[in-house]
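Structure below is model.tsv: TSV, C-alpha atoms.
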chain	number	residue	atom	x	y	z
E	1	MET	CA	110.85	64.36	110.66
E	2	ARG	CA	114.28	62.90	111.19
E	3	PHE	CA	117.44	64.01	109.43
E	4	ARG	CA	120.29	61.73	108.57
E	5	LYS	CA	123.84	62.76	109.38
E	6	THR	CA	124.53	63.43	105.71
E	7	ASP	CA	121.45	65.67	105.50
E	8	LEU	CA	122.65	67.71	108.46
E	9	PHE	CA	126.11	67.97	106.96
E	10	PHE	CA	124.78	69.32	103.67
E	11	ILE	CA	122.42	71.73	105.42
E	12	SER	CA	125.26	73.12	107.54
E	13	LEU	CA	127.47	73.34	104.46
E	14	LEU	CA	124.75	75.23	102.60
E	15	VAL	CA	124.26	77.64	105.50
E	16	SER	CA	128.02	78.22	105.75
E	17	CYS	CA	128.25	78.96	102.03
E	18	LEU	CA	125.33	81.37	102.17
E	19	LEU	CA	126.84	83.21	105.12
E	20	PHE	CA	130.23	83.39	103.45
E	21	PHE	CA	128.93	84.73	100.14
E	22	SER	CA	126.57	87.21	101.77
E	23	SER	CA	129.45	88.66	103.77
E	24	CYS	CA	131.58	89.01	100.62
E	25	GLN	CA	128.94	90.93	98.71
E	26	LYS	CA	129.00	94.63	99.64
E	27	GLY	CA	126.25	95.72	97.31
E	28	PRO	CA	126.49	98.43	94.68
E	29	GLN	CA	129.33	100.88	95.17
E	30	LYS	CA	128.82	104.60	94.65
E	31	THR	CA	130.38	106.07	91.54
E	32	ALA	CA	132.01	109.47	91.11
E	33	VAL	CA	128.76	110.65	89.51
E	34	ASP	CA	126.79	109.52	92.58
E	35	TRP	CA	129.16	111.35	94.96
E	36	HIS	CA	129.06	114.42	92.70
E	37	LYS	CA	125.24	114.48	92.79
E	38	ASP	CA	125.33	114.15	96.57
E	39	ALA	CA	127.81	117.04	96.76
E	40	ILE	CA	125.58	119.28	94.65
E	41	ASN	CA	122.57	118.41	96.80
E	42	PHE	CA	124.44	119.24	100.01
E	43	ALA	CA	125.83	122.47	98.55
E	44	SER	CA	122.36	123.57	97.46
E	45	GLN	CA	121.21	123.11	101.06
E	46	GLY	CA	124.14	125.13	102.42
E	47	LYS	CA	125.76	122.02	103.89
E	48	ASN	CA	129.19	122.88	102.58
E	49	LYS	CA	131.25	120.54	104.80
E	50	GLU	CA	129.18	117.58	103.66
E	51	ALA	CA	129.45	118.77	100.06
E	52	ILE	CA	133.24	118.96	100.28
E	53	ASN	CA	133.38	115.43	101.72
E	54	CYS	CA	131.32	114.17	98.78
E	55	PHE	CA	133.44	116.09	96.26
E	56	ASN	CA	136.54	114.51	97.80
E	57	LYS	CA	135.07	111.02	97.44
E	58	ALA	CA	134.10	111.73	93.84
E	59	LEU	CA	137.60	112.98	93.06
E	60	LYS	CA	139.18	109.86	94.56
E	61	LEU	CA	137.27	107.90	91.94
E	62	ASP	CA	137.69	110.39	89.09
E	63	PRO	CA	140.66	112.69	89.82
E	64	MET	CA	140.73	114.20	86.32
E	65	ASN	CA	137.13	115.45	86.40
E	66	THR	CA	137.42	119.20	85.86
E	67	ILE	CA	133.74	119.82	86.58
E	68	ILE	CA	134.03	118.35	90.06
E	69	TRP	CA	137.27	120.25	90.77
E	70	ASN	CA	135.68	123.49	89.60
E	71	GLU	CA	132.53	123.06	91.67
E	72	ARG	CA	134.58	122.02	94.70
E	73	GLY	CA	136.49	125.28	94.30
E	74	MET	CA	133.30	127.34	94.26
E	75	VAL	CA	132.02	125.68	97.45
E	76	LEU	CA	135.37	126.28	99.14
E	77	ALA	CA	135.18	129.93	98.09
E	78	ASN	CA	131.70	130.17	99.60
E	79	MET	CA	133.21	128.84	102.82
E	80	GLY	CA	135.83	131.60	102.74
E	81	ARG	CA	138.61	129.11	102.00
E	82	PHE	CA	139.95	131.15	99.11
E	83	GLY	CA	143.42	129.58	98.96
E	84	ASP	CA	141.99	126.08	98.74
E	85	ALA	CA	139.50	127.25	96.11
E	86	ILE	CA	142.27	128.72	93.98
E	87	LYS	CA	144.18	125.42	94.20
E	88	CYS	CA	141.10	123.69	92.76
E	89	PHE	CA	140.93	126.10	89.83
E	90	ASP	CA	144.67	125.70	89.25
E	91	LYS	CA	144.15	121.92	89.17
E	92	VAL	CA	141.42	122.34	86.55
E	93	MET	CA	143.70	124.52	84.40
E	94	LYS	CA	146.53	122.00	84.78
E	95	ILE	CA	144.22	119.26	83.46
E	96	ASP	CA	142.61	121.51	80.84
E	97	PRO	CA	144.66	124.66	80.14
E	98	ASN	CA	141.85	126.11	77.99
E	99	ASN	CA	139.17	125.84	80.67
E	100	GLU	CA	137.66	129.32	80.60
E	101	GLU	CA	135.24	128.67	83.47
E	102	ALA	CA	138.05	127.83	85.89
E	103	ARG	CA	140.01	130.90	84.81
E	104	LYS	CA	136.99	133.15	85.41
E	105	ASN	CA	136.24	131.50	88.74
E	106	LYS	CA	139.82	131.95	89.87
E	107	GLU	CA	139.70	135.66	88.97
E	108	PHE	CA	136.42	136.03	90.83
E	109	VAL	CA	137.78	134.28	93.94
E	110	LEU	CA	140.93	136.43	93.87
E	111	ILE	CA	138.69	139.51	93.96
E	112	MET	CA	136.62	138.00	96.78
E	113	ALA	CA	139.76	137.22	98.76
E	114	LYS	CA	141.04	140.76	98.31
E	115	LYS	CA	137.76	142.24	99.55
E	116	ALA	CA	137.73	139.88	102.54
E	117	ARG	CA	141.04	141.26	103.85
Render the structure in this file as structure tokens.
Amino acid sequence: MRFRKTDLFFISLLVSCLLFFSSCQKGPQKTAVDWHKDAINFASQGKNKEAINCFNKALKLDPMNTIIWNERGMVLANMGRFGDAIKCFDKVMKIDPNNEEARKNKEFVLIMAKKAR
């Protein structure tokens, strides 16, 4: 089978277009919900560093999510990072001043921090 010059041109053009568009398409991006689920899974396995990384990625996408901030605070508290945990609970209460869960968690972490001294 012999190709004409125009056939080869169109084939190379088609291949170039396919390569270009395939490199532009990154596939589905993770959402804050996806990162949050990953964080919970890591935390449940005791992989707190990985959980915190996932919480951070979720919060980049959804910085006003009080649930993620609150859970991030609890994981930080479990890591003994009481000051960072308290900052998370303060962030929750700044977003939602009536958030009772964050208030209780902050009180609990303050007690934990006092006992750890």
Query - Given all atoms listed in the file as the counted atoms, nearest of E:Met93, E:Ile67, E:Met74, E:Cys54 to Asn105 (chain E) - result: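 Of the candidates, the smallest distance to Asn105 (chain E) is held by E:Met74.
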**Report entry** For region 38-51 of chain E: contacts at 8 Å, all atoms listed in the file, fewer than 5 positions along chain excluded, given as a list of chain:residue names
**Finding:**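 Listing them by chain and then by number gives E:Val75, E:Leu76, E:Met79.
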Report summary line: If you count only C-alpha atoms, the residue of E:Val92, E:Ile111, E:Ile86, E:Ile52 closest to Trp69 (chain E) turns out to be E:Val92
**Report entry** All residues 10 Å or closer to Lys57 (chain E), only C-alpha atoms, same chain fewer than 5 positions away omitted, as a PyMOL selection string
**Finding:** chain E and resi 30-32+34-36+39+51-52+62-63
Generate a file of the selected residues that holds C-alpha atoms, formatted as an mmCIF file, keeping the file's coordinate frame.
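So again01.cif came out as:
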data_model
loop_
_atom_site.group_PDB
_atom_site.id
_atom_site.type_symbol
_atom_site.label_atom_id
_atom_site.label_comp_id
_atom_site.auth_asym_id
_atom_site.auth_seq_id
_atom_site.Cartn_x
_atom_site.Cartn_y
_atom_site.Cartn_z
ATOM 1 C CA LYS E 30 128.820 104.600 94.650
ATOM 2 C CA THR E 31 130.380 106.070 91.540
ATOM 3 C CA ALA E 32 132.010 109.470 91.110
ATOM 4 C CA ASP E 34 126.790 109.520 92.580
ATOM 5 C CA TRP E 35 129.160 111.350 94.960
ATOM 6 C CA HIS E 36 129.060 114.420 92.700
ATOM 7 C CA ALA E 39 127.810 117.040 96.760
ATOM 8 C CA ALA E 51 129.450 118.770 100.060
ATOM 9 C CA ILE E 52 133.240 118.960 100.280
ATOM 10 C CA ASP E 62 137.690 110.390 89.090
ATOM 11 C CA PRO E 63 140.660 112.690 89.820
#
**Report entry** Non-local contacts of Ala85 (chain E) (8 Å; all atoms listed in the file; under 4 positions in same chain excluded) as a list in words
**Finding:**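 Near Ala85 (chain E), the qualifying residues are Arg72, Gly73, Met74, Val75, Leu76, Ala77, Arg81, Phe89, Lys106 and Val109 of chain E.
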Query - Shortest interatomic distance to Glu100 (chain E) - which of E:Lys37, E:Gln29, E:Lys60, E:Thr66, counting only C-alpha atoms - result: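 Nearest candidate to Glu100 (chain E) out of E:Lys37, E:Gln29, E:Lys60, E:Thr66: E:Thr66.
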**Report entry** Nearest to Arg117 (chain E) by atom-to-atom distance, counting all atoms listed in the file, from E:Pro28, E:Asn70, E:Gly80, E:Asn53
**Finding:**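 Comparing E:Pro28, E:Asn70, E:Gly80, E:Asn53 against Arg117 (chain E), the winner is E:Gly80.
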Report task. Would you work out the distance separating CA of Ile95 (chain E) from CA of Asn65 (chain E), expressed in Å to one decimal? Result ->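 Distance between the two atoms: 8.6 Å.
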